[in-house]
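final18.cif follows (mmCIF, C-alpha atoms):
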data_upload
#
loop_
_atom_site.label_atom_id
_atom_site.label_comp_id
_atom_site.auth_asym_id
_atom_site.auth_seq_id
_atom_site.Cartn_x
_atom_site.Cartn_y
_atom_site.Cartn_z
CA MET A 1 38.02 42.03 23.37
CA LYS A 2 36.70 38.67 22.26
CA LYS A 3 34.79 38.51 19.06
CA GLN A 4 31.35 37.07 19.40
CA LEU A 5 30.26 34.73 16.68
CA LEU A 6 26.71 35.13 15.53
CA ALA A 7 24.78 32.11 14.32
CA ARG A 8 23.84 32.45 10.71
CA LYS A 9 20.14 32.75 10.01
CA TYR A 10 19.24 30.70 6.97
CA THR A 11 16.61 31.95 4.56
CA PHE A 12 14.02 29.65 3.01
CA PHE A 13 16.04 29.80 -0.22
CA ASP A 14 19.18 28.67 1.65
CA LEU A 15 17.26 25.76 3.12
CA PHE A 16 15.77 24.93 -0.28
CA LEU A 17 19.21 24.73 -1.90
CA GLY A 18 20.46 22.66 1.01
CA ASN A 19 17.55 20.31 0.50
CA ILE A 20 18.40 19.86 -3.18
CA ASP A 21 21.95 18.94 -2.19
CA ARG A 22 20.65 16.48 0.39
CA ALA A 23 18.19 14.98 -2.10
CA LEU A 24 20.95 14.29 -4.62
CA LYS A 25 23.10 12.67 -1.94
CA THR A 26 20.19 10.62 -0.63
CA ILE A 27 19.37 9.21 -4.06
CA THR A 28 22.90 8.71 -5.41
CA VAL A 29 25.43 8.47 -2.56
CA LYS A 30 26.10 5.65 -0.12
CA ASN A 31 27.58 5.85 3.39
CA LEU A 32 25.57 8.84 4.60
CA GLY A 33 24.95 7.30 8.00
CA TYR A 34 27.08 6.91 11.11
CA ARG A 35 26.21 3.62 12.76
CA SER A 36 27.69 0.27 11.79
CA ASN A 37 25.55 -2.23 9.91
CA PRO A 38 23.71 -4.26 12.59
CA SER A 39 24.16 -7.48 10.61
CA GLY A 40 27.88 -7.31 11.42
CA ASP A 41 29.60 -10.61 10.71
CA THR A 42 26.34 -12.59 10.82
CA GLN A 43 26.33 -15.42 8.31
CA ASP A 44 23.34 -16.38 6.19
CA GLY A 45 21.99 -19.89 6.12
CA PHE A 46 21.23 -21.68 2.87
CA MET A 47 19.36 -19.48 0.38
CA SER A 48 18.24 -20.56 -3.08
CA GLN A 49 18.23 -18.12 -5.98
CA LYS A 50 14.49 -17.77 -5.47
CA ASP A 51 15.05 -16.92 -1.81
CA LYS A 52 17.68 -14.30 -2.68
CA LYS A 53 15.40 -12.73 -5.27
CA HIS A 54 12.56 -12.50 -2.76
CA SER A 55 14.83 -11.03 -0.07
CA ALA A 56 16.15 -8.50 -2.56
CA GLY A 57 12.60 -7.46 -3.43
CA LEU A 58 11.78 -6.95 0.25
CA MET A 59 14.96 -4.99 0.98
CA ARG A 60 14.42 -2.86 -2.13
CA VAL A 61 11.00 -1.94 -0.74
CA ASN A 62 12.58 -1.05 2.59
CA HIS A 63 15.25 1.06 0.90
CA SER A 64 12.55 2.88 -1.09
CA GLY A 65 10.67 3.48 2.14
CA GLU A 66 13.76 5.13 3.61
CA ILE A 67 14.13 7.31 0.50
CA SER A 68 10.52 8.38 1.04
CA ALA A 69 11.17 9.03 4.73
CA GLN A 70 14.01 11.38 3.80
CA GLY A 71 11.74 13.35 1.49
CA LEU A 72 8.97 13.47 4.09
CA TYR A 73 11.21 14.69 6.91
CA GLN A 74 12.97 17.25 4.73
CA GLY A 75 9.67 18.68 3.51
CA GLN A 76 8.35 18.94 7.04
CA ALA A 77 11.57 20.52 8.33
CA LEU A 78 11.31 23.21 5.65
CA THR A 79 7.78 24.24 6.64
CA ALA A 80 7.83 23.59 10.41
CA ARG A 81 6.85 26.66 12.41
CA ASP A 82 8.64 25.71 15.62
CA PRO A 83 12.47 25.54 15.27
CA LYS A 84 12.53 22.72 17.82
CA VAL A 85 10.20 20.65 15.67
CA ALA A 86 12.32 21.38 12.58
CA LYS A 87 15.40 20.22 14.49
CA LYS A 88 13.68 16.99 15.53
CA MET A 89 12.68 16.35 11.93
CA GLN A 90 16.27 16.85 10.82
CA GLN A 91 17.57 14.52 13.55
CA SER A 92 15.14 11.80 12.48
CA ALA A 93 16.22 12.25 8.85
CA ASP A 94 19.86 11.84 9.90
CA GLU A 95 19.06 8.61 11.72
CA GLU A 96 17.20 7.30 8.68
CA ASN A 97 20.44 7.67 6.67
CA ASP A 98 21.77 4.63 8.52
CA HIS A 99 18.81 2.62 7.24
CA LEU A 100 19.54 3.73 3.68
CA ASP A 101 23.12 2.48 3.94
CA TRP A 102 22.18 -0.83 5.52
CA CYS A 103 19.49 -1.63 2.94
CA SER A 104 21.75 -0.57 0.08
CA GLU A 105 24.59 -2.75 1.37
CA ARG A 106 22.27 -5.73 1.75
CA LEU A 107 20.95 -5.33 -1.77
CA ALA A 108 24.53 -5.35 -3.05
CA ASP A 109 25.21 -8.53 -1.02
CA LEU A 110 22.21 -10.14 -2.70
CA GLY A 111 23.43 -9.07 -6.14
CA SER A 112 20.51 -6.72 -6.68
CA HIS A 113 19.81 -3.00 -7.06
CA THR A 114 17.88 -0.19 -5.43
CA SER A 115 14.60 0.96 -6.97
CA TYR A 116 14.77 2.80 -10.29
CA MET A 117 11.88 4.91 -8.99
CA ASN A 118 13.78 6.54 -6.13
CA ILE A 119 13.56 10.04 -7.58
CA ALA A 120 9.78 9.69 -7.79
CA TRP A 121 9.56 8.31 -4.23
CA TYR A 122 11.64 11.19 -2.84
CA THR A 123 9.88 13.93 -4.79
CA GLY A 124 6.40 12.71 -3.94
CA SER A 125 7.24 12.38 -0.25
CA LEU A 126 8.88 15.81 -0.19
CA CYS A 127 5.66 17.36 -1.51
CA ILE A 128 3.61 15.49 1.10
CA GLY A 129 6.01 16.68 3.81
CA LEU A 130 5.72 20.29 2.67
CA ILE A 131 1.92 20.11 2.75
CA ALA A 132 1.91 18.40 6.16
CA GLY A 133 4.24 21.05 7.54
CA LEU A 134 2.09 23.87 6.21
CA ALA A 135 -0.94 22.35 7.94
CA GLY A 136 0.74 22.99 11.29
CA ASP A 137 3.31 21.34 13.51
CA LYS A 138 0.88 19.15 15.45
CA TRP A 139 -0.52 17.71 12.21
CA SER A 140 2.94 17.34 10.73
CA LEU A 141 4.04 15.42 13.81
CA GLY A 142 0.84 13.39 13.65
CA PHE A 143 1.72 12.43 10.09
CA VAL A 144 5.17 11.30 11.23
CA ALA A 145 3.75 9.25 14.11
CA GLU A 146 1.24 7.47 11.87
CA THR A 147 3.82 6.91 9.13
CA GLU A 148 6.21 5.31 11.58
CA ARG A 149 3.45 3.12 13.06
CA GLN A 150 2.64 1.86 9.57
CA VAL A 151 6.33 1.29 8.86
CA VAL A 152 6.69 -0.84 12.00
CA ARG A 153 3.74 -3.00 10.90
CA HIS A 154 5.22 -3.18 7.42
CA ILE A 155 8.59 -4.36 8.79
CA ASP A 156 6.82 -6.98 10.90
CA ARG A 157 5.28 -8.39 7.73
CA HIS A 158 8.68 -8.46 6.03
CA LEU A 159 10.27 -10.21 9.00
CA ALA A 160 7.61 -12.89 8.73
CA SER A 161 8.14 -13.19 4.97
CA LEU A 162 11.96 -13.38 4.88
CA PRO A 163 13.44 -16.74 3.88
CA ASP A 164 14.63 -18.77 6.86
CA GLY A 165 18.27 -18.47 5.81
CA ASP A 166 18.30 -14.69 5.47
CA ASN A 167 19.87 -13.88 8.81
CA ARG A 168 21.59 -10.66 7.71
CA SER A 169 18.43 -8.95 6.44
CA ARG A 170 16.62 -10.03 9.60
CA LYS A 171 19.22 -8.34 11.83
CA ILE A 172 18.92 -5.11 9.80
CA LEU A 173 15.14 -5.08 9.95
CA TYR A 174 15.05 -5.66 13.71
CA GLN A 175 17.18 -2.56 14.26
CA MET A 176 15.15 -0.53 11.78
CA ARG A 177 11.96 -1.56 13.55
CA GLU A 178 13.34 -0.33 16.87
CA ASP A 179 14.39 3.02 15.37
CA GLU A 180 11.07 3.61 13.62
CA GLY A 181 9.16 2.91 16.82
CA HIS A 182 11.35 5.44 18.61
CA HIS A 183 10.64 8.09 15.96
CA ALA A 184 6.91 7.58 16.44
CA THR A 185 7.32 7.99 20.20
CA VAL A 186 9.34 11.19 19.77
CA ALA A 187 6.68 12.66 17.46
CA ILE A 188 3.94 11.89 19.99
CA GLU A 189 5.96 13.43 22.81
CA GLN A 190 6.39 16.59 20.71
CA GLY A 191 2.60 17.01 20.51
CA ALA A 192 1.46 14.97 17.51
CA ALA A 193 -2.25 15.12 16.69
CA GLU A 194 -4.16 11.93 15.89
CA LEU A 195 -4.92 11.86 12.18
CA PRO A 196 -8.47 11.30 10.85
CA ALA A 197 -9.26 7.73 9.79
CA LEU A 198 -9.65 8.76 6.14
CA ILE A 199 -6.10 10.12 5.95
CA LYS A 200 -4.74 6.95 7.55
CA THR A 201 -6.55 4.87 4.94
CA VAL A 202 -5.16 6.98 2.09
CA MET A 203 -1.66 6.62 3.55
CA LYS A 204 -2.02 2.83 3.65
CA THR A 205 -3.23 2.76 0.05
CA VAL A 206 -0.34 4.89 -1.23
CA SER A 207 2.12 2.77 0.75
CA LYS A 208 0.69 -0.42 -0.75
CA VAL A 209 1.13 0.90 -4.30
CA MET A 210 4.72 1.93 -3.63
CA THR A 211 5.47 -1.42 -2.03
CA GLN A 212 4.18 -3.40 -5.00
CA VAL A 213 6.09 -1.28 -7.53
CA ALA A 214 9.38 -1.09 -5.59
CA TYR A 215 9.45 -4.88 -5.04
CA TRP A 216 9.99 -5.38 -8.78
CA ILE A 217 11.40 -2.09 -10.12
#

Structure translated into structure tokens:
Amino acid sequence: MKKQLLARKYTFFDLFLGNIDRALKTITVKNLGYRSNPSGDTQDGFMSQKDKKHSAGLMRVNHSGEISAQGLYQGQALTARDPKVAKKMQQSADEENDHLDWCSERLADLGSHTSYMNIAWYTGSLCIGLIAGLAGDKWSLGFVAETERQVVRHIDRHLASLPDGDNRSRKILYQMREDEGHHATVAIEQGAAELPALIKTVMKTVSKVMTQVAYWI
């Protein structure tokens, strides 16, 4: 008689411990993703030290944004009511790991570092994700959709601001932009609610503060 394997049911505490493990890896470990760096063997054009410093600031902001995305998705996955929604959140978080690697690698190429505030970015976003998830799946998904829309606009601004010679960062950002747009579409298809204008404004304000701090620190 064949033995039937039963899927393990994880408790909230199990998931919480798993999230701590994931948080530590997100903040400290490289190579969490699966896809190759989209910049490939692309060569940069001429870049002055000023250009490299500016590019590093922009890519540090993008890396910090991906740290925040991990916290947001993990918080929402923990409190999602529908298992399918939780799974989608986890899948999006896995895809965002690629972005973390690419931004981290580019910062190393530019001789710079990731933000020293990454623990704060992750923790704050995790709390926001938990609250959004508790509000209900449709609002949680609505938060994801609006976040990704804002990220796409944010990447567009960075693409316009990159030095002309920074071809490698540009390739990375184009792929990130495509992925973020897809995540927004998936959230909408899953039943995302449209967020009130006030919440959208608060989100933009918080994002602006993080952007200004992460550019330098």

Ground truth for the PyMOL selection byres ((chain A and resi 168) around 10), written as a ChimeraX atom specification: /A:37-45,106,109,165-167,169-173

Distance criterion (only C-alpha atoms): nearest to Gln91 in chain A out of A:Ile128, A:Val202, A:Ala193, A:Val186: A:Val186

Contacts of Ile131 in chain A at 9 Å (only C-alpha atoms; same-chain gap of 3+ positions) as JSON, numbers by chain: {"A": [75, 76, 79, 126, 127, 128, 134, 135, 140]}

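The residue that comes closest to Ser104 in chain A, out of A:Ala132, A:Leu58, A:Leu141, A:Ala120 and on the basis of all atoms listed in the file, is A:Leu58.
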
Selection result for the PyMOL selection byres ((chain A and resi 191) around 12) on this file, as a count of residues only: 23

Output check: residues returned by the PyMOL selection byres ((chain A and resi 107) around 9), as a list in words: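 Answer for the PyMOL selection byres ((chain A and resi 107) around 9): Ser55, Ala56, Gly57, Met59, Arg60, His63, Trp102, Cys103, Ser104, Glu105, Arg106, Ala108, Asp109, Leu110, Gly111, Ser112, His113 and Thr114 of chain A.
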
Nearest to Arg177 in chain A by atom-to-atom distance, counting all atoms listed in the file, from A:Ser161, A:Thr211, A:Gln150, A:Ser68: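 Ranking A:Ser161, A:Thr211, A:Gln150, A:Ser68 by distance to Arg177 in chain A, first place goes to A:Gln150.
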
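CA of Tyr174 in chain A lies 22.8 Å from CA of Gly71 in chain A.
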
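We find CA of Thr123 in chain A and CA of Gln74 in chain A to be spaced 10.5 Å apart.
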
Among listed residues A:Tyr116, A:Trp121, A:Gly129, A:Ala93, nearest Leu72 in chain A (using all atoms listed in the file): A:Gly129

Coordinates-based distance that separates CA of Lys208 in chain A from CA of Asp179 in chain A (Å, one decimal):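 Answer for the CA of Asp179 in chain A to CA of Lys208 in chain A separation: 21.4 Å.
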
Residue contacts of Met203 in chain A (12 Å, all atoms listed in the file) excluding same-chain residues fewer than 2 positions away, as a list in words: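 These residues fall inside the cut-off: Ser125, Ile128, Phe143, Val144, Glu146, Thr147, Glu148, Arg149, Gln150, Val151, Leu195, Pro196, Ala197, Leu198, Ile199, Lys200, Thr201, Thr205, Val206, Ser207, Lys208, Val209 and Met210 of chain A.
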
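The nearest approach to His99 in chain A among the residues A:Tyr122, A:Phe46, A:Tyr34, A:Tyr73, with all atoms listed in the file taken into account, belongs to A:Tyr34.
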